[in-house]
file model_29.cif (mmCIF, C-alpha atoms)
data_run
#
loop_
_atom_site.label_atom_id
_atom_site.label_comp_id
_atom_site.auth_asym_id
_atom_site.auth_seq_id
_atom_site.Cartn_x
_atom_site.Cartn_y
_atom_site.Cartn_z
CA MET G 94 95.73 39.28 25.78
CA ALA G 95 96.54 41.94 23.19
CA ASP G 96 96.57 39.29 20.44
CA LEU G 97 93.19 38.00 21.62
CA GLN G 98 91.79 41.51 21.49
CA ASP G 99 93.07 41.97 17.94
CA ASP G 100 91.50 38.63 16.97
CA LEU G 101 88.17 39.79 18.30
CA HIS G 102 88.38 43.00 16.32
CA THR G 103 89.46 41.09 13.24
CA ALA G 104 86.52 38.71 13.45
CA ALA G 105 84.14 41.65 13.38
CA GLU G 106 85.55 42.68 10.03
CA VAL G 107 85.24 39.34 8.24
CA GLY G 108 82.39 39.04 5.78
CA PRO G 109 80.80 40.95 2.93
CA VAL G 110 81.43 44.64 2.77
CA ASP G 111 77.80 45.51 3.37
CA GLU G 112 78.09 43.80 6.78
CA LEU G 113 80.72 46.25 8.03
CA PRO G 114 79.66 48.28 11.08
CA LEU G 115 77.37 51.08 9.99
CA ALA G 116 77.79 53.43 12.93
CA ALA G 117 78.64 56.88 11.64
CA PRO G 118 81.83 58.01 13.37
CA PHE G 119 81.51 61.73 12.82
CA PRO G 120 78.39 63.71 13.78
CA VAL G 121 78.37 65.84 10.65
CA GLU G 122 75.11 66.77 9.01
CA PRO G 123 75.19 66.81 5.19
CA PRO G 124 74.34 70.16 3.64
CA ALA G 125 70.68 70.65 2.77
CA PRO G 126 70.21 70.05 -0.98
CA LEU G 127 69.08 72.93 -3.14
CA SER G 128 66.09 72.24 -5.37
CA ASP G 129 67.71 73.89 -8.39
CA ASP G 130 71.06 72.13 -7.95
CA PRO G 131 71.35 69.04 -10.21
CA ASP G 132 74.20 67.71 -8.05
CA ALA G 133 72.27 67.91 -4.80
CA GLU G 134 70.77 64.41 -4.84
CA PRO G 135 74.04 62.54 -5.64
CA LEU G 136 75.88 64.70 -3.09
CA GLU G 137 73.34 63.88 -0.40
CA ARG G 138 73.66 60.17 -1.21
CA ALA G 139 77.44 60.52 -1.10
CA HIS G 140 77.34 61.93 2.43
CA ALA G 141 75.06 59.10 3.55
CA LEU G 142 77.29 56.45 2.01
CA LEU G 143 80.46 57.92 3.48
CA ALA G 144 78.87 58.08 6.92
CA ALA G 145 78.60 54.29 6.72
CA HIS G 146 81.82 53.62 4.79
CA PRO G 147 84.30 56.44 5.47
CA VAL G 148 87.45 57.18 3.51
CA ALA G 149 90.77 55.52 4.27
CA ASP G 150 93.09 58.18 2.84
CA GLY G 151 96.27 56.54 1.59
CA TYR G 152 98.70 59.45 1.74
CA SER G 153 98.97 62.70 3.70
CA GLY G 154 101.95 65.05 3.73
CA LEU G 155 100.76 66.70 6.93
CA PRO G 156 103.80 65.85 9.12
CA TRP G 157 106.30 67.72 6.94
CA ALA G 158 103.87 70.61 6.39
CA LEU G 159 103.42 71.09 10.13
CA ARG G 160 107.18 71.26 10.71
CA HIS G 161 107.21 74.69 9.08
CA LEU G 162 104.36 76.20 11.12
CA PRO G 163 105.20 78.05 14.34
CA TRP G 164 101.74 77.34 15.73
CA TYR G 165 98.68 75.39 14.64
CA ASP G 166 95.39 74.05 15.97
CA LEU G 167 93.98 71.14 14.00
CA GLU G 168 91.04 70.77 16.39
CA LEU G 169 89.48 74.17 15.65
CA GLY G 170 90.76 74.35 12.07
CA GLU G 171 94.00 75.36 10.40
CA SER G 172 93.94 77.33 7.15
CA ALA G 173 97.69 76.95 6.57
CA VAL G 174 97.27 73.24 5.69
CA ASP G 175 94.80 71.11 3.74
CA THR G 176 94.00 68.83 6.67
CA ASP G 177 92.42 69.48 10.06
CA VAL G 178 89.86 67.75 12.25
CA PRO G 179 86.78 69.71 11.06
CA ARG G 180 87.61 69.02 7.41
CA LEU G 181 88.38 65.37 8.11
CA ARG G 182 84.90 65.11 9.57
CA GLN G 183 83.28 67.01 6.72
CA GLY G 184 85.00 64.70 4.25
CA HIS G 185 84.15 61.58 6.29
CA VAL G 186 87.80 60.50 6.57
CA GLY G 187 87.98 57.59 8.99
CA ALA G 188 91.65 56.66 8.53
CA LEU G 189 94.69 58.61 7.39
CA PHE G 190 98.14 57.35 6.37
CA CYS G 191 100.61 60.05 7.44
CA SER G 192 103.67 60.05 5.19
CA LEU G 193 107.11 60.03 6.77
CA HIS G 194 108.76 60.60 3.40
CA LEU G 195 111.65 63.05 3.25
CA PRO G 196 112.12 65.95 0.82
CA GLU G 197 114.47 65.48 -2.11
CA GLY G 198 118.01 66.62 -1.46
CA LEU G 199 118.08 65.70 2.22
CA ALA G 200 121.45 64.15 2.99
CA ALA G 201 121.36 60.37 3.17
CA ASP G 202 123.03 60.36 6.58
CA ARG G 203 120.08 62.38 7.92
CA ALA G 204 117.41 59.94 6.74
CA VAL G 205 117.10 57.94 9.96
CA ALA G 206 117.08 60.97 12.24
CA ALA G 207 114.68 62.96 10.05
CA THR G 208 112.26 60.04 9.85
CA LEU G 209 112.32 59.61 13.63
CA GLU G 210 111.71 63.35 14.05
CA GLN G 211 108.67 63.17 11.78
CA LEU G 212 107.37 60.11 13.59
CA ASP G 213 107.80 61.90 16.90
CA LEU G 214 105.95 64.95 15.53
CA VAL G 215 102.97 62.87 14.39
CA ARG G 216 102.70 61.23 17.78
CA LYS G 217 102.77 64.64 19.49
CA VAL G 218 100.11 65.98 17.12
CA ILE G 219 97.86 63.02 17.89
CA ALA G 220 98.39 63.49 21.64
CA ALA G 221 97.50 67.19 21.31
CA HIS G 222 94.24 66.46 19.45
CA PRO G 223 92.72 63.47 21.30
CA GLU G 224 89.13 64.38 20.41
CA GLY G 225 89.78 64.07 16.69
CA LEU G 226 92.78 61.79 16.12
CA ARG G 227 93.95 58.43 17.41
CA LEU G 228 97.10 56.45 16.61
CA ALA G 229 96.34 53.03 15.12
CA ARG G 230 98.63 50.10 14.42
CA THR G 231 96.18 47.32 13.51
CA ALA G 232 92.94 46.88 11.60
CA GLY G 233 91.12 46.43 14.90
CA GLN G 234 92.47 49.71 16.26
CA VAL G 235 91.35 51.49 13.10
CA ILE G 236 87.80 50.22 13.71
CA ASP G 237 88.01 51.23 17.40
CA ALA G 238 89.03 54.77 16.44
CA ARG G 239 86.22 55.04 13.94
CA ASN G 240 83.60 53.81 16.41
CA CYS G 241 84.85 56.37 18.95
CA GLY G 242 84.45 59.23 16.46
CA ARG G 243 88.19 59.71 15.81
CA ALA G 244 90.17 59.53 12.61
CA ALA G 245 92.67 56.69 12.86
CA VAL G 246 96.22 57.82 12.02
CA LEU G 247 98.58 55.19 10.61
CA LEU G 248 102.29 55.98 10.39
CA GLY G 249 103.80 55.68 6.93
CA PRO G 250 104.80 55.33 4.27
CA ALA G 251 108.41 56.01 5.23
CA THR G 252 111.32 56.07 2.81
CA ALA G 253 113.43 52.91 2.59
CA ALA G 254 116.56 54.99 3.20
CA ALA G 255 115.33 55.40 6.80
CA LEU G 256 116.42 51.80 7.46
CA ASP G 257 120.07 52.58 6.75
CA ASP G 258 120.30 49.00 5.43
CA SER G 259 119.48 47.63 8.89
CA LEU G 260 116.68 45.22 9.78
CA GLY G 261 117.19 46.23 13.40
CA ILE G 262 116.19 49.80 12.55
CA LEU G 263 113.13 48.42 10.74
CA ARG G 264 112.09 46.69 13.96
CA VAL G 265 112.66 49.84 16.01
CA LEU G 266 110.55 51.91 13.60
CA HIS G 267 107.84 49.27 13.74
CA SER G 268 107.87 49.35 17.54
CA LEU G 269 107.26 53.10 17.33
CA GLY G 270 104.26 52.57 15.07
CA LEU G 271 105.54 52.42 11.48
CA ARG G 272 102.97 50.65 9.29
CA VAL G 273 104.11 51.25 5.67
CA LEU G 274 107.53 51.40 3.97
CA THR G 275 108.25 52.50 0.39
CA LEU G 276 110.57 50.10 -1.44
CA ALA G 277 112.55 52.47 -3.65
CA GLY G 278 115.66 54.61 -3.66
CA THR G 279 118.17 52.21 -2.10
CA SER G 280 120.83 49.82 -3.37
CA TRP G 281 118.59 46.86 -2.49
CA ALA G 282 115.41 48.32 -4.08
CA SER G 283 116.50 50.07 -7.27
CA GLU G 284 115.87 50.18 -11.00
CA ALA G 285 117.37 46.69 -11.16
CA GLY G 286 114.77 45.36 -8.73
CA LEU G 287 115.06 43.78 -5.29
CA THR G 288 118.36 42.22 -4.29
CA ARG G 289 118.63 39.23 -1.96
CA PHE G 290 118.79 41.64 0.97
CA GLY G 291 115.75 43.47 -0.39
CA GLU G 292 113.80 40.22 -0.41
CA GLU G 293 114.87 39.63 3.19
CA VAL G 294 113.58 43.11 4.07
CA VAL G 295 110.19 42.15 2.57
CA ARG G 296 110.12 38.90 4.57
CA GLU G 297 110.89 40.78 7.79
CA MET G 298 108.21 43.36 6.95
CA ASN G 299 105.71 40.50 6.55
CA ARG G 300 106.78 39.11 9.93
CA LEU G 301 106.26 42.48 11.59
CA GLY G 302 103.10 43.53 9.75
CA VAL G 303 104.69 46.47 7.91
CA LEU G 304 103.12 46.93 4.48
CA ALA G 305 105.21 47.34 1.33
CA GLU G 306 104.45 50.49 -0.68
CA LEU G 307 105.54 50.61 -4.34
CA SER G 308 104.57 53.97 -5.86
CA GLY G 309 107.62 55.29 -7.69
CA ALA G 310 109.43 51.95 -7.55
CA SER G 311 110.85 50.42 -10.71
CA GLU G 312 108.80 47.86 -12.61
CA GLN G 313 111.36 45.19 -11.66
CA THR G 314 111.03 46.05 -7.98
CA ILE G 315 107.24 46.02 -8.17
CA ARG G 316 107.14 42.60 -9.81
CA ARG G 317 109.66 41.09 -7.40
CA ALA G 318 107.88 42.56 -4.38
CA LEU G 319 104.55 41.16 -5.60
CA ALA G 320 106.18 37.73 -5.82
CA ALA G 321 108.07 37.93 -2.52
CA SER G 322 105.44 39.44 -0.23
CA LYS G 323 103.02 37.16 1.60
CA THR G 324 100.72 40.13 2.25
CA PRO G 325 99.11 42.46 -0.30
CA VAL G 326 101.08 45.58 -1.22
CA LEU G 327 99.97 49.19 -1.63
CA CYS G 328 100.66 51.77 -4.29
CA THR G 329 99.67 54.85 -2.30
CA ARG G 330 100.16 57.43 -5.07
CA SER G 331 99.57 55.72 -8.41
CA ALA G 332 96.95 56.28 -11.10
CA ALA G 333 96.61 54.89 -14.64
CA ARG G 334 99.51 55.57 -17.00
CA ALA G 335 97.24 54.79 -19.94
CA LEU G 336 95.33 57.99 -19.14
CA ARG G 337 98.19 60.17 -17.95
CA PRO G 338 101.89 59.33 -18.52
CA HIS G 339 103.23 60.22 -15.09
CA PRO G 340 106.22 58.09 -13.90
CA ALA G 341 104.44 57.12 -10.67
CA ASN G 342 101.34 55.96 -12.53
CA LEU G 343 101.09 52.27 -13.41
CA PRO G 344 100.81 50.71 -16.88
CA ASP G 345 97.93 48.33 -17.43
CA ASP G 346 100.04 45.16 -17.19
CA LEU G 347 101.28 46.13 -13.71
CA LEU G 348 97.78 47.15 -12.66
CA ALA G 349 96.56 43.71 -13.68
CA GLU G 350 99.37 42.02 -11.74
CA LEU G 351 98.63 44.19 -8.69
CA GLY G 352 94.98 43.20 -8.86
CA ALA G 353 95.85 39.51 -9.18
CA ALA G 354 98.00 39.82 -6.05
CA LYS G 355 95.09 41.49 -4.19
CA GLY G 356 97.06 44.72 -3.72
CA VAL G 357 95.52 48.19 -3.75
CA CYS G 358 96.20 51.05 -6.17
CA MET G 359 95.33 54.26 -4.31
CA VAL G 360 94.59 56.90 -6.92
CA PRO G 361 95.98 60.33 -5.90
CA LEU G 362 93.87 63.47 -6.03
CA THR G 363 96.52 65.59 -7.74
CA ALA G 364 96.17 67.51 -10.98
CA GLU G 365 99.64 66.39 -12.05
CA GLN G 366 98.85 62.68 -11.91
CA THR G 367 95.13 62.49 -12.59
CA GLY G 368 94.07 65.76 -14.22
CA PRO G 369 92.46 69.08 -13.32
CA SER G 370 88.86 67.99 -12.64
CA VAL G 371 86.80 65.58 -10.56
CA ARG G 372 85.84 63.83 -13.79
CA ASP G 373 89.51 63.18 -14.57
CA VAL G 374 90.00 61.50 -11.19
CA ALA G 375 86.86 59.44 -11.74
CA ASP G 376 88.19 58.39 -15.16
CA HIS G 377 91.31 56.97 -13.46
CA LEU G 378 89.21 55.17 -10.86
CA ASP G 379 87.03 53.70 -13.63
CA HIS G 380 90.14 52.56 -15.51
CA VAL G 381 91.87 50.97 -12.50
CA ARG G 382 88.65 49.17 -11.57
CA ALA G 383 88.23 47.88 -15.13
CA VAL G 384 91.83 46.65 -15.44
CA ALA G 385 92.64 45.46 -11.91
CA GLY G 386 89.25 44.80 -10.37
CA THR G 387 87.01 46.40 -7.77
CA GLN G 388 89.10 45.05 -4.89
CA CYS G 389 92.26 46.78 -6.16
CA VAL G 390 91.17 50.42 -6.07
CA GLY G 391 91.52 52.97 -3.28
CA LEU G 392 91.87 56.70 -2.62
CA SER G 393 94.88 58.85 -1.81
CA GLY G 394 94.23 62.50 -1.01
CA THR G 395 97.91 63.39 -1.31
CA TYR G 396 97.11 66.59 0.57
CA ASP G 397 99.75 68.86 2.12
CA VAL G 398 102.50 67.80 -0.26
CA GLY G 399 102.64 71.09 -2.16
CA THR G 400 100.93 69.95 -5.37
CA ALA G 401 97.83 71.34 -7.07
CA HIS G 402 94.57 69.44 -6.68
CA PRO G 403 91.67 69.01 -9.11
CA GLN G 404 88.82 71.46 -9.00
CA ASP G 405 86.36 70.76 -6.15
CA LEU G 406 88.94 68.50 -4.44
CA ALA G 407 91.03 71.18 -2.73
CA ASP G 408 91.24 69.63 0.75
CA THR G 409 90.18 66.67 2.88
CA SER G 410 86.58 67.90 3.17
CA CYS G 411 85.94 67.31 -0.53
CA TYR G 412 85.62 63.53 -0.82
CA PRO G 413 81.79 63.66 -1.08
CA HIS G 414 82.15 65.51 -4.42
CA LEU G 415 84.19 62.65 -5.84
CA VAL G 416 81.83 59.98 -4.51
CA ALA G 417 78.88 61.92 -5.97
CA GLU G 418 80.56 61.83 -9.39
CA LEU G 419 81.07 58.07 -9.10
CA LEU G 420 77.42 57.61 -8.12
CA ARG G 421 76.42 59.48 -11.26
CA ARG G 422 78.57 57.01 -13.21
CA GLY G 423 76.73 54.03 -11.80
CA TRP G 424 79.12 52.81 -9.11
CA THR G 425 77.20 50.63 -6.66
CA GLU G 426 77.27 51.07 -2.91
CA THR G 427 79.25 47.83 -2.59
CA ASP G 428 81.89 49.05 -5.07
CA LEU G 429 82.13 52.42 -3.34
CA ALA G 430 82.39 50.80 0.10
CA LEU G 431 85.37 48.80 -1.14
CA LEU G 432 86.93 51.90 -2.71
CA THR G 433 86.66 54.13 0.33
CA TRP G 434 87.16 51.70 3.21
CA GLY G 435 86.87 47.98 2.56
CA ASN G 436 89.96 47.38 0.42
CA VAL G 437 92.34 49.10 2.83
CA GLN G 438 90.78 47.33 5.81
CA ARG G 439 91.24 44.00 4.03
CA VAL G 440 94.94 44.68 3.45
CA LEU G 441 95.49 45.80 7.05
CA ARG G 442 93.63 42.78 8.37
CA THR G 443 95.59 40.39 6.15
CA ALA G 444 98.88 41.95 7.27
CA ASP G 445 97.91 41.49 10.93
CA VAL G 446 96.98 37.82 10.46
CA THR G 447 100.07 37.07 8.36
CA ALA G 448 102.37 38.72 10.91
CA ARG G 449 100.97 36.71 13.82
CA ALA G 450 101.44 33.48 11.88
CA ALA G 451 104.96 34.42 10.72
CA GLN G 452 106.09 35.32 14.24
CA GLN G 453 105.28 31.77 15.36
CA ARG G 454 107.44 30.29 12.58
CA ARG G 455 110.27 32.77 12.17
CA GLU G 456 112.68 34.51 14.51
CA PRO G 457 113.70 38.15 13.87
CA SER G 458 116.11 38.24 10.95
CA THR G 459 119.76 38.97 11.68
CA ALA G 460 120.74 39.21 8.02
CA GLN G 461 123.27 41.85 7.01
CA ILE G 462 123.39 43.48 3.59
CA ALA G 463 127.10 42.64 3.27
CA GLU G 464 126.31 38.94 3.74
CA LEU G 465 123.59 38.75 1.08
CA ASP G 466 124.60 41.41 -1.46
CA GLY G 467 128.34 41.72 -0.84
#
call {"tool": "encode", "arguments": {"input": "model_29.cif", "output": "structure tokens"}}
result
Amino acid sequence: MADLQDDLHTAAEVGPVDELPLAAPFPVEPPAPLSDDPDAEPLERAHALLAAHPVADGYSGLPWALRHLPWYDLELGESAVDTDVPRLRQGHVGALFCSLHLPEGLAADRAVAATLEQLDLVRKVIAAHPEGLRLARTAGQVIDARNCGRAAVLLGPATAAALDDSLGILRVLHSLGLRVLTLAGTSWASEAGLTRFGEEVVREMNRLGVLAELSGASEQTIRRALAASKTPVLCTRSAARALRPHPANLPDDLLAELGAAKGVCMVPLTAEQTGPSVRDVADHLDHVRAVAGTQCVGLSGTYDVGTAHPQDLADTSCYPHLVAELLRRGWTETDLALLTWGNVQRVLRTADVTARAAQQRREPSTAQIAELDG
């Protein structure tokens, strides 16, 4: 019955982007434009467009940020973080990927426990804020949350070290809601690329519906993951290296390969990776679209990770300023709908369909790293 329900939700999503449901999930009135403000008209159009096609934010550091607060209320507003329910609504954020990444220096033997603690925290936060947030595992549940006026929260990306080289742990994390896993920082996903066990991890992720995330992975790992994965991959924190030589940004040849594989490059709103202004971020979005295609570009707020953000993009309420800049540059509504919402929904939907098909053909993998890489 659950599969049938997912199929029904999935069917509602199939078709051109301009046929997506147009119900505005958040009852937020756009600010009245000022007659002497040259940005007022694009900003008003941006609010209207985002009401129909909200933002799927590819990366939020909120779980780790909340661990250090003795008390918080995301429903009324929380000044100690960049993300709360009022600002999600002001920014028209309809879906949010909550990172389960761990800080550098955390002992490797703590990776599993620390990831589970963060996952538990996110679930408790969602339960404490039912009017604004809803846990989602599938593309259909993301749409349900949006139509009910909630921001859908998807769990991940998590660090690959959280698996402790065990496909059983991957399945447990998936059962608790994990949706995205970063393939980097392990013996089976390293500078040398994916090992045989790493490829088996990707196959099991496809069977479960867990998306592969490749920001910060080596070029060899990215290329091998693109070849091995039956579902599109994400780069949740990658911009264009041609414009800014940050190690997590992608060179043009990899952007082209990502686009050919129907993956999504989610450009981060950080000064370090994209530059200090809204125009700099828009330059990266223009470049990724030109190199990889309209269906390869997405957005990643990268809020609450302790990095500086471009001017006018300080928190999750600021997405309309970026969309207004893209409107001034001639982006069409169809292109913007793909950027903010459609591309991520396509990847989620494809992962759901691929997983259902794979589960009919393939039993859970019992492979051990010692057997394949020993």
call {"tool": "closest_residue", "arguments": {"input": "model_29.cif", "among": "G:Ala401, G:Ala310, G:Ala332, G:Val381", "to": "G:Thr367", "atoms": "all atoms listed in the file"}}
result
G:Ala332
call {"tool": "residues_around", "arguments": {"input": "model_29.cif", "residues": "stretch 216-221 of chain G", "least_positions_apart": "3", "cutoff": "9 Å", "atoms": "all atoms listed in the file", "output": "short mmCIF file (atom, residue, chain, number, x, y, z; two decimals) with C-alpha atoms, keeping the file's coordinate frame"}}
result
data_model
loop_
_atom_site.label_atom_id
_atom_site.label_comp_id
_atom_site.auth_asym_id
_atom_site.auth_seq_id
_atom_site.Cartn_x
_atom_site.Cartn_y
_atom_site.Cartn_z
CA PRO G 156 103.80 65.85 9.12
CA ASP G 166 95.39 74.05 15.97
CA LEU G 167 93.98 71.14 14.00
CA GLU G 168 91.04 70.77 16.39
CA GLN G 211 108.67 63.17 11.78
CA LEU G 212 107.37 60.11 13.59
CA ASP G 213 107.80 61.90 16.90
CA GLU G 224 89.13 64.38 20.41
CA GLY G 225 89.78 64.07 16.69
CA LEU G 226 92.78 61.79 16.12
CA ARG G 227 93.95 58.43 17.41
CA LEU G 228 97.10 56.45 16.61
CA VAL G 246 96.22 57.82 12.02
#
call {"tool": "resolve_selection", "arguments": {"input": "model_29.cif", "expression": "the PyMOL selection byres ((chain G and resi 299) around 8)", "output": "VMD selection string"}}
result
chain G and resid 295 to 298 300 to 304 322 to 324 444 447 to 448 451
call {"tool": "resolve_selection", "arguments": {"input": "model_29.cif", "expression": "the PyMOL selection byres ((chain G and resi 245) around 7)", "output": "tab-separated table (two decimals) with C-alpha atoms, keeping the file's coordinate frame"}}
result
chain	number	residue	atom	x	y	z
G	187	GLY	CA	87.98	57.59	8.99
G	188	ALA	CA	91.65	56.66	8.53
G	189	LEU	CA	94.69	58.61	7.39
G	226	LEU	CA	92.78	61.79	16.12
G	227	ARG	CA	93.95	58.43	17.41
G	228	LEU	CA	97.10	56.45	16.61
G	229	ALA	CA	96.34	53.03	15.12
G	235	VAL	CA	91.35	51.49	13.10
G	238	ALA	CA	89.03	54.77	16.44
G	239	ARG	CA	86.22	55.04	13.94
G	243	ARG	CA	88.19	59.71	15.81
G	244	ALA	CA	90.17	59.53	12.61
G	246	VAL	CA	96.22	57.82	12.02
G	247	LEU	CA	98.58	55.19	10.61
call {"tool": "atom_distance", "arguments": {"input": "model_29.cif", "atom1": "atom CA of G:Ser393", "atom2": "atom CA of G:Met359"}}
result
5.2 Å
call {"tool": "resolve_selection", "arguments": {"input": "model_29.cif", "expression": "the PyMOL selection byres ((chain G and resi 456-463) around 8)", "output": "number ranges by chain"}}
result
G: 258-261, 290, 293, 297, 452-455, 464-467
call {"tool": "closest_residue", "arguments": {"input": "model_29.cif", "among": "G:Ala232, G:Ala353, G:Cys191, G:Leu347", "to": "G:Pro325", "atoms": "only C-alpha atoms"}}
result
G:Ala353
call {"tool": "atom_distance", "arguments": {"input": "model_29.cif", "atom1": "atom CA of G:Leu307", "atom2": "atom CA of G:His339"}}
result
14.6 Å
call {"tool": "residues_near_point", "arguments": {"input": "model_29.cif", "point": "(112.8, 67.4, 2.0)", "cutoff": "12 Å", "atoms": "only C-alpha atoms", "output": "MDAnalysis selection string"}}
result
chainID G and resid 154 156:158 160:161 193:201 203:204 207:208 211 252 398:399
call {"tool": "atom_distance", "arguments": {"input": "model_29.cif", "atom1": "atom CA of G:Arg449", "atom2": "atom CA of G:Thr231"}}
result
11.6 Å
call {"tool": "closest_residue", "arguments": {"input": "model_29.cif", "among": "G:Thr363, G:Leu432, G:Ala282, G:Asp257", "to": "G:Asp379", "atoms": "all atoms listed in the file"}}
result
G:Leu432
call {"tool": "residues_around", "arguments": {"input": "model_29.cif", "residues": "G:Gly309", "least_positions_apart": "5", "cutoff": "8 Å", "atoms": "only C-alpha atoms", "output": "list in words"}}
result
Ala277, Pro340, Ala341 and Asn342 of chain G
call {"tool": "axis_aligned_box", "arguments": {"input": "model_29.cif", "around": "stretch 400-410 of chain G", "padding_each_side": "3 Å", "output": "JSON"}}
result
{"center_x": 93.6, "center_y": 69.1, "center_z": -3.0, "size_x": 20.6, "size_y": 10.8, "size_z": 18.3}
